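Undergrad: Structure file run23.cif (mmCIF, C-alpha atoms) is given on the next line.
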data_run
#
loop_
_atom_site.group_PDB
_atom_site.id
_atom_site.type_symbol
_atom_site.label_atom_id
_atom_site.label_comp_id
_atom_site.auth_asym_id
_atom_site.auth_seq_id
_atom_site.Cartn_x
_atom_site.Cartn_y
_atom_site.Cartn_z
ATOM 1 C CA MET W 130 -3.611 2.724 14.096
ATOM 2 C CA GLN W 131 -5.956 3.322 11.195
ATOM 3 C CA ILE W 132 -5.535 2.134 7.619
ATOM 4 C CA ILE W 133 -7.610 3.472 4.746
ATOM 5 C CA ILE W 134 -7.557 1.569 1.465
ATOM 6 C CA THR W 135 -7.322 4.523 -0.898
ATOM 7 C CA GLY W 136 -7.105 2.297 -3.976
ATOM 8 C CA SER W 137 -7.931 -1.370 -4.531
ATOM 9 C CA GLY W 138 -7.689 -1.734 -8.298
ATOM 10 C CA THR W 139 -5.186 -3.216 -10.700
ATOM 11 C CA SER W 140 -3.034 -1.275 -13.167
ATOM 12 C CA PHE W 141 -6.009 -0.391 -15.399
ATOM 13 C CA GLY W 142 -8.178 0.746 -12.502
ATOM 14 C CA MET W 143 -11.968 0.488 -12.722
ATOM 15 C CA PRO W 144 -13.734 1.385 -14.880
ATOM 16 C CA VAL W 145 -11.235 0.468 -17.590
ATOM 17 C CA ILE W 146 -10.880 2.967 -20.428
ATOM 18 C CA GLY W 147 -13.113 1.918 -23.326
ATOM 19 C CA CYS W 148 -14.659 -1.013 -21.461
ATOM 20 C CA HIS W 149 -18.407 -1.338 -21.096
ATOM 21 C CA CYS W 150 -18.599 -4.661 -19.254
ATOM 22 C CA SER W 151 -21.052 -5.146 -16.404
ATOM 23 C CA ALA W 152 -18.343 -4.482 -13.789
ATOM 24 C CA CYS W 153 -17.056 -1.296 -15.413
ATOM 25 C CA THR W 154 -20.565 0.078 -15.876
ATOM 26 C CA SER W 155 -21.749 -0.954 -12.402
ATOM 27 C CA GLU W 156 -23.338 1.786 -10.297
ATOM 28 C CA ASN W 157 -22.058 0.203 -7.088
ATOM 29 C CA PRO W 158 -19.396 2.601 -5.715
ATOM 30 C CA ARG W 159 -17.361 -0.421 -4.605
ATOM 31 C CA ASP W 160 -16.800 -1.219 -8.275
ATOM 32 C CA LYS W 161 -14.972 2.096 -8.768
ATOM 33 C CA ARG W 162 -11.328 1.333 -8.053
ATOM 34 C CA TYR W 163 -8.273 3.601 -8.067
ATOM 35 C CA ARG W 164 -4.858 2.004 -8.398
ATOM 36 C CA ALA W 165 -3.740 0.127 -5.254
ATOM 37 C CA SER W 166 -2.626 2.289 -2.327
ATOM 38 C CA ALA W 167 -3.142 2.713 1.413
ATOM 39 C CA TYR W 168 -2.963 5.544 3.968
ATOM 40 C CA ILE W 169 -1.887 4.784 7.525
ATOM 41 C CA THR W 170 -2.155 7.026 10.586
ATOM 42 C CA ASP W 171 -1.331 6.423 14.230
ATOM 43 C CA THR W 172 -1.510 8.822 17.167
ATOM 44 C CA ASP W 173 0.722 8.380 20.210
ATOM 45 C CA GLU W 174 0.065 9.186 23.876
ATOM 46 C CA ASN W 175 1.346 12.744 23.355
ATOM 47 C CA GLY W 176 -1.091 13.425 20.544
ATOM 48 C CA TYR W 177 1.492 13.256 17.739
ATOM 49 C CA THR W 178 0.150 11.551 14.607
ATOM 50 C CA THR W 179 2.331 9.619 12.179
ATOM 51 C CA HIS W 180 1.172 9.743 8.541
ATOM 52 C CA ILE W 181 2.343 7.132 5.991
ATOM 53 C CA VAL W 182 1.203 6.104 2.539
ATOM 54 C CA ILE W 183 1.939 2.849 0.762
ATOM 55 C CA ASP W 184 2.467 3.493 -2.969
ATOM 56 C CA VAL W 185 1.713 6.651 -4.942
ATOM 57 C CA GLY W 186 0.069 5.683 -8.215
ATOM 58 C CA PRO W 187 -1.346 7.854 -11.019
ATOM 59 C CA GLU W 188 -4.380 8.923 -8.944
ATOM 60 C CA TYR W 189 -2.391 9.840 -5.853
ATOM 61 C CA ARG W 190 -3.392 13.530 -6.007
ATOM 62 C CA LEU W 191 -7.075 12.551 -6.068
ATOM 63 C CA GLN W 192 -6.609 10.018 -3.295
ATOM 64 C CA ALA W 193 -4.844 12.612 -1.155
ATOM 65 C CA LEU W 194 -7.646 15.129 -1.694
ATOM 66 C CA ASP W 195 -10.382 12.548 -1.070
ATOM 67 C CA HIS W 196 -8.842 11.423 2.219
ATOM 68 C CA HIS W 197 -7.355 14.745 3.367
ATOM 69 C CA ILE W 198 -3.754 13.547 3.328
ATOM 70 C CA ASP W 199 -2.352 16.951 4.210
ATOM 71 C CA VAL W 200 0.801 15.734 5.957
ATOM 72 C CA LEU W 201 3.208 12.877 5.251
ATOM 73 C CA ASP W 202 6.061 11.519 7.327
ATOM 74 C CA ALA W 203 7.087 8.713 4.976
ATOM 75 C CA VAL W 204 6.182 6.711 1.887
ATOM 76 C CA LEU W 205 6.528 2.942 1.631
ATOM 77 C CA LEU W 206 6.834 1.661 -1.934
ATOM 78 C CA THR W 207 6.158 -1.926 -2.920
ATOM 79 C CA HIS W 208 7.868 -1.730 -6.334
ATOM 80 C CA SER W 209 8.399 0.570 -9.305
ATOM 81 C CA HIS W 210 5.558 -0.293 -11.693
ATOM 82 C CA ALA W 211 3.674 2.715 -13.029
ATOM 83 C CA ASP W 212 0.469 2.021 -11.137
ATOM 84 C CA HIS W 213 2.407 2.280 -7.871
ATOM 85 C CA VAL W 214 4.834 5.177 -8.413
ATOM 86 C CA HIS W 215 3.593 7.491 -11.143
ATOM 87 C CA GLY W 216 2.155 9.934 -8.633
ATOM 88 C CA LEU W 217 5.642 10.569 -7.297
ATOM 89 C CA ASP W 218 5.779 14.175 -8.505
ATOM 90 C CA ASP W 219 2.696 15.011 -6.414
ATOM 91 C CA LEU W 220 4.840 14.512 -3.325
ATOM 92 C CA ARG W 221 6.009 18.097 -3.969
ATOM 93 C CA ALA W 222 3.090 19.106 -1.756
ATOM 94 C CA TYR W 223 4.912 17.651 1.253
ATOM 95 C CA SER W 224 8.569 18.301 0.492
ATOM 96 C CA HIS W 225 10.197 20.083 -2.405
ATOM 97 C CA THR W 226 12.988 22.291 -3.576
ATOM 98 C CA THR W 227 12.001 25.972 -3.600
ATOM 99 C CA PRO W 228 11.577 27.224 -7.174
ATOM 100 C CA ASP W 229 14.070 30.049 -7.860
ATOM 101 C CA ASN W 230 11.501 32.044 -9.764
ATOM 102 C CA ILE W 231 9.234 32.457 -6.704
ATOM 103 C CA SER W 232 11.812 32.517 -3.927
ATOM 104 C CA SER W 233 11.727 36.330 -3.772
ATOM 105 C CA ASP W 234 7.956 36.413 -3.262
ATOM 106 C CA THR W 235 7.454 35.646 0.423
ATOM 107 C CA ILE W 236 3.680 35.214 0.173
ATOM 108 C CA ILE W 237 3.958 32.533 -2.520
ATOM 109 C CA ARG W 238 7.147 31.014 -1.120
ATOM 110 C CA ASP W 239 5.706 30.580 2.354
ATOM 111 C CA SER W 240 2.703 28.701 0.983
ATOM 112 C CA PHE W 241 5.033 25.939 -0.213
ATOM 113 C CA SER W 242 6.141 23.259 2.233
ATOM 114 C CA HIS W 243 9.833 23.600 1.468
ATOM 115 C CA VAL W 244 12.162 21.752 3.836
ATOM 116 C CA ASP W 245 15.823 22.180 4.649
ATOM 117 C CA ASP W 246 16.610 18.539 5.464
ATOM 118 C CA ASP W 247 17.110 15.603 3.093
ATOM 119 C CA GLY W 248 13.467 15.536 2.052
ATOM 120 C CA LEU W 249 10.503 13.209 2.395
ATOM 121 C CA LYS W 250 11.612 9.686 3.285
ATOM 122 C CA ILE W 251 10.835 7.072 0.629
ATOM 123 C CA TYR W 252 11.464 3.469 1.633
ATOM 124 C CA SER W 253 11.764 0.667 -0.927
ATOM 125 C CA ASN W 254 14.089 -2.041 -2.186
ATOM 126 C CA ARG W 255 17.234 -1.424 -4.219
ATOM 127 C CA LYS W 256 15.692 -2.241 -7.613
ATOM 128 C CA THR W 257 12.863 0.213 -7.040
ATOM 129 C CA ILE W 258 15.295 2.951 -6.012
ATOM 130 C CA GLU W 259 17.376 2.352 -9.142
ATOM 131 C CA ASP W 260 14.258 2.551 -11.318
ATOM 132 C CA LEU W 261 13.058 5.766 -9.665
ATOM 133 C CA LYS W 262 16.402 7.475 -10.251
ATOM 134 C CA GLU W 263 16.214 6.560 -13.936
ATOM 135 C CA ARG W 264 12.522 7.143 -14.555
ATOM 136 C CA PHE W 265 12.337 10.379 -12.557
ATOM 137 C CA SER W 266 15.873 11.547 -13.270
ATOM 138 C CA TYR W 267 14.884 15.242 -13.225
ATOM 139 C CA ILE W 268 14.185 14.921 -9.493
ATOM 140 C CA PHE W 269 17.701 13.788 -8.684
ATOM 141 C CA HIS W 270 19.762 15.916 -11.108
ATOM 142 C CA GLU W 271 20.311 19.640 -11.464
ATOM 143 C CA THR W 272 17.788 21.083 -13.895
ATOM 144 C CA GLN W 273 16.867 24.494 -15.253
ATOM 145 C CA LYS W 274 15.666 27.206 -12.907
ATOM 146 C CA GLY W 275 11.969 27.544 -12.304
ATOM 147 C CA GLY W 276 9.391 25.043 -11.158
ATOM 148 C CA GLY W 277 9.509 22.977 -8.011
ATOM 149 C CA LYS W 278 10.656 19.386 -7.723
ATOM 150 C CA PRO W 279 9.824 16.903 -5.000
ATOM 151 C CA LYS W 280 12.613 16.653 -2.471
ATOM 152 C CA LEU W 281 12.942 12.951 -1.744
ATOM 153 C CA ASN W 282 15.223 10.903 0.466
ATOM 154 C CA LEU W 283 15.392 7.406 -1.044
ATOM 155 C CA ILE W 284 16.157 4.781 1.587
ATOM 156 C CA ASP W 285 16.928 1.104 0.964
ATOM 157 C CA ASN W 286 14.389 -0.846 3.006
ATOM 158 C CA THR W 287 16.419 -4.069 2.904
ATOM 159 C CA VAL W 288 18.472 -2.801 5.863
ATOM 160 C CA TYR W 289 15.334 -3.234 7.993
ATOM 161 C CA THR W 290 14.577 -6.730 9.257
ATOM 162 C CA GLU W 291 12.688 -8.435 12.055
ATOM 163 C CA LYS W 292 15.754 -7.847 14.242
ATOM 164 C CA ASN W 293 16.154 -4.260 13.036
ATOM 165 C CA PRO W 294 12.680 -2.946 12.159
ATOM 166 C CA LEU W 295 11.895 0.477 10.793
ATOM 167 C CA ILE W 296 10.399 2.634 13.557
ATOM 168 C CA LEU W 297 8.108 5.501 12.580
ATOM 169 C CA GLY W 298 6.399 7.041 15.578
ATOM 170 C CA ARG W 299 4.850 4.116 17.470
ATOM 171 C CA LEU W 300 4.784 1.962 14.359
ATOM 172 C CA ASN W 301 7.107 -1.003 13.974
ATOM 173 C CA ILE W 302 7.548 -1.844 10.264
ATOM 174 C CA ILE W 303 9.174 -4.919 8.741
ATOM 175 C CA PRO W 304 9.538 -5.163 4.933
ATOM 176 C CA ILE W 305 8.359 -8.550 3.640
ATOM 177 C CA PRO W 306 10.186 -9.842 0.517
ATOM 178 C CA MET W 307 7.842 -11.228 -2.145
ATOM 179 C CA LEU W 308 7.912 -12.080 -5.850
ATOM 180 C CA HIS W 309 5.750 -10.397 -8.498
ATOM 181 C CA GLY W 310 6.539 -12.851 -11.277
ATOM 182 C CA LYS W 311 10.343 -12.576 -11.268
ATOM 183 C CA LEU W 312 10.393 -9.056 -9.814
ATOM 184 C CA GLU W 313 11.226 -8.646 -6.125
ATOM 185 C CA THR W 314 8.608 -6.577 -4.337
ATOM 186 C CA SER W 315 8.124 -5.418 -0.752
ATOM 187 C CA GLY W 316 5.152 -6.194 1.410
ATOM 188 C CA TYR W 317 4.974 -4.595 4.848
ATOM 189 C CA LEU W 318 4.125 -5.883 8.316
ATOM 190 C CA ILE W 319 3.055 -2.879 10.378
ATOM 191 C CA SER W 320 2.621 -3.321 14.123
ATOM 192 C CA VAL W 321 1.667 -1.244 17.139
ATOM 193 C CA LYS W 322 1.569 -1.913 20.893
ATOM 194 C CA ASP W 323 -1.424 -1.101 23.059
ATOM 195 C CA ASN W 324 -1.313 0.167 26.647
ATOM 196 C CA ASN W 325 -0.775 -3.402 27.868
ATOM 197 C CA GLU W 326 2.233 -3.851 25.556
ATOM 198 C CA GLU W 327 0.297 -6.305 23.386
ATOM 199 C CA VAL W 328 1.214 -6.196 19.696
ATOM 200 C CA SER W 329 -1.394 -5.977 16.922
ATOM 201 C CA SER W 330 -0.560 -5.879 13.233
ATOM 202 C CA ILE W 331 -1.621 -5.512 9.645
ATOM 203 C CA ALA W 332 0.173 -7.208 6.760
ATOM 204 C CA TYR W 333 -0.062 -5.336 3.450
ATOM 205 C CA LEU W 334 0.972 -7.711 0.666
ATOM 206 C CA THR W 335 0.654 -6.444 -2.893
ATOM 207 C CA ASP W 336 1.821 -7.020 -5.706
ATOM 208 C CA CYS W 337 2.799 -10.671 -5.520
ATOM 209 C CA SER W 338 2.446 -14.070 -7.111
ATOM 210 C CA TYR W 339 4.623 -15.872 -4.569
ATOM 211 C CA ILE W 340 5.339 -15.407 -0.869
ATOM 212 C CA SER W 341 8.065 -17.666 0.478
ATOM 213 C CA GLU W 342 7.740 -19.773 3.604
ATOM 214 C CA LYS W 343 10.477 -17.602 5.128
ATOM 215 C CA SER W 344 8.483 -14.424 4.532
ATOM 216 C CA LEU W 345 5.309 -15.996 5.885
ATOM 217 C CA THR W 346 7.227 -17.092 8.984
ATOM 218 C CA ILE W 347 8.537 -13.544 9.513
ATOM 219 C CA ILE W 348 4.958 -12.318 9.555
ATOM 220 C CA LYS W 349 3.710 -15.053 11.882
ATOM 221 C CA ASN W 350 6.622 -14.681 14.323
ATOM 222 C CA ASN W 351 6.359 -10.897 14.628
ATOM 223 C CA CYS W 352 2.708 -9.988 14.211
ATOM 224 C CA GLY W 353 1.397 -10.556 17.720
ATOM 225 C CA LYS W 354 -2.320 -10.462 16.958
ATOM 226 C CA LEU W 355 -2.648 -10.314 13.172
ATOM 227 C CA LYS W 356 -5.782 -8.231 12.835
ATOM 228 C CA GLU W 357 -5.804 -7.535 9.105
ATOM 229 C CA VAL W 358 -4.210 -8.944 5.953
ATOM 230 C CA VAL W 359 -4.548 -6.981 2.723
ATOM 231 C CA ILE W 360 -3.326 -9.272 -0.040
ATOM 232 C CA ASP W 361 -2.981 -9.257 -3.812
ATOM 233 C CA GLY W 362 -5.742 -11.124 -5.661
ATOM 234 C CA LEU W 363 -6.306 -10.243 -9.291
ATOM 235 C CA ARG W 364 -9.117 -12.573 -10.390
ATOM 236 C CA PRO W 365 -10.301 -16.204 -10.170
ATOM 237 C CA LYS W 366 -8.049 -17.340 -13.049
ATOM 238 C CA GLU W 367 -4.339 -17.775 -12.347
ATOM 239 C CA HIS W 368 -1.914 -15.103 -13.577
ATOM 240 C CA SER W 369 1.847 -15.103 -14.091
ATOM 241 C CA THR W 370 2.547 -12.116 -11.817
ATOM 242 C CA HIS W 371 -0.415 -11.918 -9.442
ATOM 243 C CA CYS W 372 -2.202 -14.184 -7.016
ATOM 244 C CA SER W 373 -5.556 -15.527 -8.030
ATOM 245 C CA PHE W 374 -8.339 -15.282 -5.459
ATOM 246 C CA ARG W 375 -7.721 -18.872 -4.346
ATOM 247 C CA GLN W 376 -3.959 -18.320 -4.128
ATOM 248 C CA ALA W 377 -4.587 -15.267 -1.953
ATOM 249 C CA MET W 378 -6.892 -17.371 0.217
ATOM 250 C CA SER W 379 -4.241 -20.085 0.514
ATOM 251 C CA TYR W 380 -1.768 -17.567 1.946
ATOM 252 C CA ALA W 381 -4.496 -16.175 4.189
ATOM 253 C CA GLU W 382 -5.151 -19.721 5.414
ATOM 254 C CA ILE W 383 -1.557 -19.831 6.666
ATOM 255 C CA LEU W 384 -1.528 -16.348 8.184
ATOM 256 C CA GLN W 385 -4.958 -16.643 9.853
ATOM 257 C CA ALA W 386 -5.693 -12.961 10.334
ATOM 258 C CA GLU W 387 -8.990 -11.941 11.856
ATOM 259 C CA HIS W 388 -9.866 -10.203 8.589
ATOM 260 C CA THR W 389 -8.509 -10.831 5.084
ATOM 261 C CA TRP W 390 -9.026 -8.302 2.298
ATOM 262 C CA ILE W 391 -8.210 -9.004 -1.333
ATOM 263 C CA THR W 392 -6.841 -6.037 -3.264
ATOM 264 C CA HIS W 393 -5.384 -5.160 -6.706
ATOM 265 C CA ILE W 394 -8.581 -6.458 -8.285
ATOM 266 C CA CYS W 395 -9.262 -6.414 -12.039
ATOM 267 C CA HIS W 396 -12.606 -5.857 -13.777
ATOM 268 C CA ASP W 397 -13.521 -9.501 -14.439
ATOM 269 C CA MET W 398 -16.105 -9.522 -11.644
ATOM 270 C CA LYS W 399 -18.228 -7.090 -9.655
ATOM 271 C CA HIS W 400 -17.601 -6.582 -5.939
ATOM 272 C CA THR W 401 -20.700 -8.596 -5.001
ATOM 273 C CA GLU W 402 -19.739 -11.411 -7.384
ATOM 274 C CA ILE W 403 -16.266 -11.616 -5.858
ATOM 275 C CA GLN W 404 -17.769 -11.975 -2.388
ATOM 276 C CA GLU W 405 -20.045 -14.742 -3.612
ATOM 277 C CA TYR W 406 -17.068 -16.506 -5.195
ATOM 278 C CA ILE W 407 -15.041 -16.243 -1.975
ATOM 279 C CA ASN W 408 -17.933 -17.632 0.062
ATOM 280 C CA GLU W 409 -18.195 -20.605 -2.300
ATOM 281 C CA GLN W 410 -14.470 -21.354 -1.966
ATOM 282 C CA LEU W 411 -14.328 -21.168 1.833
ATOM 283 C CA GLU W 412 -15.100 -24.862 2.308
ATOM 284 C CA ASP W 413 -11.667 -25.635 0.837
ATOM 285 C CA PHE W 414 -9.984 -23.449 3.468
ATOM 286 C CA PRO W 415 -11.032 -24.781 6.889
ATOM 287 C CA GLU W 416 -9.050 -22.258 8.951
ATOM 288 C CA LEU W 417 -10.554 -19.328 7.060
ATOM 289 C CA GLU W 418 -14.007 -20.867 7.300
ATOM 290 C CA LYS W 419 -13.557 -21.180 11.067
ATOM 291 C CA ILE W 420 -12.418 -17.545 11.329
ATOM 292 C CA VAL W 421 -15.512 -16.389 9.427
ATOM 293 C CA ARG W 422 -17.793 -18.486 11.650
ATOM 294 C CA ASN W 423 -16.228 -16.783 14.669
ATOM 295 C CA GLY W 424 -16.925 -13.279 13.381
ATOM 296 C CA GLY W 425 -13.939 -12.686 11.098
ATOM 297 C CA SER W 426 -14.099 -12.089 7.380
ATOM 298 C CA VAL W 427 -12.606 -12.816 3.976
ATOM 299 C CA ALA W 428 -13.729 -10.208 1.476
ATOM 300 C CA PRO W 429 -12.738 -8.015 -1.454
ATOM 301 C CA ALA W 430 -11.268 -4.693 -0.384
ATOM 302 C CA TYR W 431 -12.756 -1.503 -1.801
ATOM 303 C CA ASP W 432 -11.746 2.125 -2.079
ATOM 304 C CA GLY W 433 -12.458 3.934 1.170
ATOM 305 C CA LEU W 434 -12.357 0.820 3.353
ATOM 306 C CA VAL W 435 -11.293 1.854 6.868
ATOM 307 C CA LEU W 436 -9.479 -0.599 9.143
ATOM 308 C CA ASN W 437 -8.843 0.250 12.801
ATOM 309 C CA ILE W 438 -6.287 -1.574 14.924
ATOM 310 C CA ASN W 439 -6.267 -0.787 18.631
#
Could you quickly redo this structure as structure tokens?

TA:
Amino acid sequence: MQIIITGSGTSFGMPVIGCHCSACTSENPRDKRYRASAYITDTDENGYTTHIVIDVGPEYRLQALDHHIDVLDAVLLTHSHADHVHGLDDLRAYSHTTPDNISSDTIIRDSFSHVDDDGLKIYSNRKTIEDLKERFSYIFHETQKGGGKPKLNLIDNTVYTEKNPLILGRLNIIPIPMLHGKLETSGYLISVKDNNEEVSSIAYLTDCSYISEKSLTIIKNNCGKLKEVVIDGLRPKEHSTHCSFRQAMSYAEILQAEHTWITHICHDMKHTEIQEYINEQLEDFPELEKIVRNGGSVAPAYDGLVLNIN
């Protein structure tokens, strides 16, 4: 299984429009951040590859082009805020209704990836599904002829639990309930077995300001070897709807993954400054400090970061 962090920024992204701070004007490519998203692939013993993205924000088209996301089997959504769903219309490239005004032109029609089933599977919680149907109502209602619309199959992810996980290809996926302020969001524990039937996992946990003991226990009881944690961390200062860096580290201290990556980062600090800050805080987190001494890491994520789980 491979995970590419296609976006690691907060809702403003980096650089922020109109901002000329040292972080936004940095020439370090790791200080250029699209809105938070990830691309997951896994190839089975028969050579079939499963393709999944987590969240489709405003830059999704650019992320898809940058990382050659030519095929999608499913989309996992964390919640319905604009920076996580406003690329939804670009999913037309994978599944859409055939526009009536081109249906008679076989050359053009055949270049579109029209499907005859229920459409591309979109998994998220009930509140997110309700918001999508309201915000993108044209997708789900009959509209005028002409122009394609994404063909989407919205699926309530709350039916999937540790006892009834979502199975996509070889991937075993458990939604992880979290709170983003008062809003319920979905993290995801994504696991795969190796040839010896040993389970390895990544936990993708954004956006959140609180993860319950129950949710943390679900992760710990089902992760096998927790290789990677990608977790919300906005900035050093506390925030009402996001984890601070230290709050993210406190959850990472409990989960004890081999590698912890902070994502959904704002423009208060440069990438290198964040790493320095994390290193300074490690003494307050003995389990994380031990993991780092033994070759693990706690670090800010960045766009283009590639994580491989065997």

Undergrad: I need the residue nearest Lys280 in chain W from this list: W:Thr314, W:Gln410, W:Thr335, W:Ser224. Use all atoms listed in the file for the distance.

TA: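 Closest to Lys280 in chain W, using all atoms listed in the file: W:Ser224.
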
Undergrad: Could you state which residues are captured by the PyMOL selection byres ((chain W and resi 427) around 8) in this file, as a PyMOL selection string?

TA: chain W and resi 388-391+407+417+421+425-426+428-429

Undergrad: From the options W:Val321, W:Ile133, W:Leu206, W:Cys153, which residue's atoms come nearest to Cys395 in chain W, counting only C-alpha atoms?

TA: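 Ranking W:Val321, W:Ile133, W:Leu206, W:Cys153 by distance to Cys395 in chain W, first place goes to W:Cys153.
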
Undergrad: Check which residues satisfy the PyMOL selection byres ((chain W and resi 434) around 10) in the file shown, then give them as a list of chain:residue names.

TA: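 Evaluating the PyMOL selection byres ((chain W and resi 434) around 10) on this file yields W:Ile132, W:Ile133, W:Ile134, W:Thr135, W:Gly136, W:Ser137, W:Arg159, W:Ala167, W:Trp390, W:Ala430, W:Tyr431, W:Asp432, W:Gly433, W:Val435, W:Leu436.
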
Undergrad: Adding 4 Å on each side of the box along x, y and z that holds all listed atoms of range 143-157 of chain W, could you give its centre and edge lengths in Å to one decimal, as AutoDock Vina command-line options?

TA:
--center_x -17.1 --center_y -1.1 --center_z -15.2 --size_x 20.5 --size_y 16.1 --size_z 24.2

Undergrad: Go through W:Ala222, W:Ile268, W:Leu205, W:Ile302 one by one, measure the shortest atom-to-atom distance of each to Ala193 in chain W using all atoms listed in the file, and give the residue with the smallest value.

TA: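 Result for the nearest residue to Ala193 in chain W: W:Ala222.
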
Undergrad: Find the residues around Arg190 in chain W up to 8 Å (only C-alpha atoms counted), leave out those fewer than 3 positions away in its own chain, and share them as a list in words.

TA: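 These residues fall inside the cut-off: Pro187, Ala193, Leu194, Gly216 and Asp219 of chain W.
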
Undergrad: Pull C-alpha atoms from the residues just selected and write them as an mmCIF file, in the coordinates of the input.

TA:
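Output contents, as saved in part27.cif:
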data_model
loop_
_atom_site.group_PDB
_atom_site.id
_atom_site.type_symbol
_atom_site.label_atom_id
_atom_site.label_comp_id
_atom_site.auth_asym_id
_atom_site.auth_seq_id
_atom_site.Cartn_x
_atom_site.Cartn_y
_atom_site.Cartn_z
ATOM 1 C CA PRO W 187 -1.346 7.854 -11.019
ATOM 2 C CA ALA W 193 -4.844 12.612 -1.155
ATOM 3 C CA LEU W 194 -7.646 15.129 -1.694
ATOM 4 C CA GLY W 216 2.155 9.934 -8.633
ATOM 5 C CA ASP W 219 2.696 15.011 -6.414
#

Undergrad: Quote the spacing between CA of Tyr333 in chain W and CA of Asn175 in chain W in Å to one decimal place.

TA: 26.9 Å

Undergrad: Applying the PyMOL selection byres ((chain W and resi 295) around 12) to the file I just gave you, which residues come out? Please list them as an NGL selection string.

TA: :W and (203 or 205 or 250 or 252-253 or 284-294 or 296-304 or 317-320)

Undergrad: Between CA of Leu363 in chain W and CA of Thr392 in chain W, measure the distance and give it in Å to one decimal.

TA: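 CA of Thr392 in chain W lies at a distance of 7.4 Å from CA of Leu363 in chain W.
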
Undergrad: For each of W:His309, W:Lys354, W:His400, W:Arg364, take the minimum atom-to-atom distance to Ile331 in chain W, counting all atoms listed in the file, then give the residue where this is smallest.

TA: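 Once distances to Ile331 in chain W are computed over all atoms listed in the file, the minimum belongs to W:Lys354.
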
Undergrad: Can you pull out the residues contacting range 341-343 of chain W? Cut-off 10 Å, using only C-alpha atoms, and skip same-chain residues under 4 positions away; I want them as a PDB file with C-alpha atoms, keeping the file's coordinate frame.

TA:
ATOM      1  CA  ILE W 305       8.359  -8.550   3.640  1.00  0.00           C
ATOM      2  CA  PRO W 306      10.186  -9.842   0.517  1.00  0.00           C
ATOM      3  CA  MET W 307       7.842 -11.228  -2.145  1.00  0.00           C
ATOM      4  CA  LEU W 308       7.912 -12.080  -5.850  1.00  0.00           C
ATOM      5  CA  ILE W 347       8.537 -13.544   9.513  1.00  0.00           C
ATOM      6  CA  ILE W 348       4.958 -12.318   9.555  1.00  0.00           C
ATOM      7  CA  LYS W 349       3.710 -15.053  11.882  1.00  0.00           C
ATOM      8  CA  TYR W 380      -1.768 -17.567   1.946  1.00  0.00           C
ATOM      9  CA  ILE W 383      -1.557 -19.831   6.666  1.00  0.00           C
TER      10      ILE W 383
END
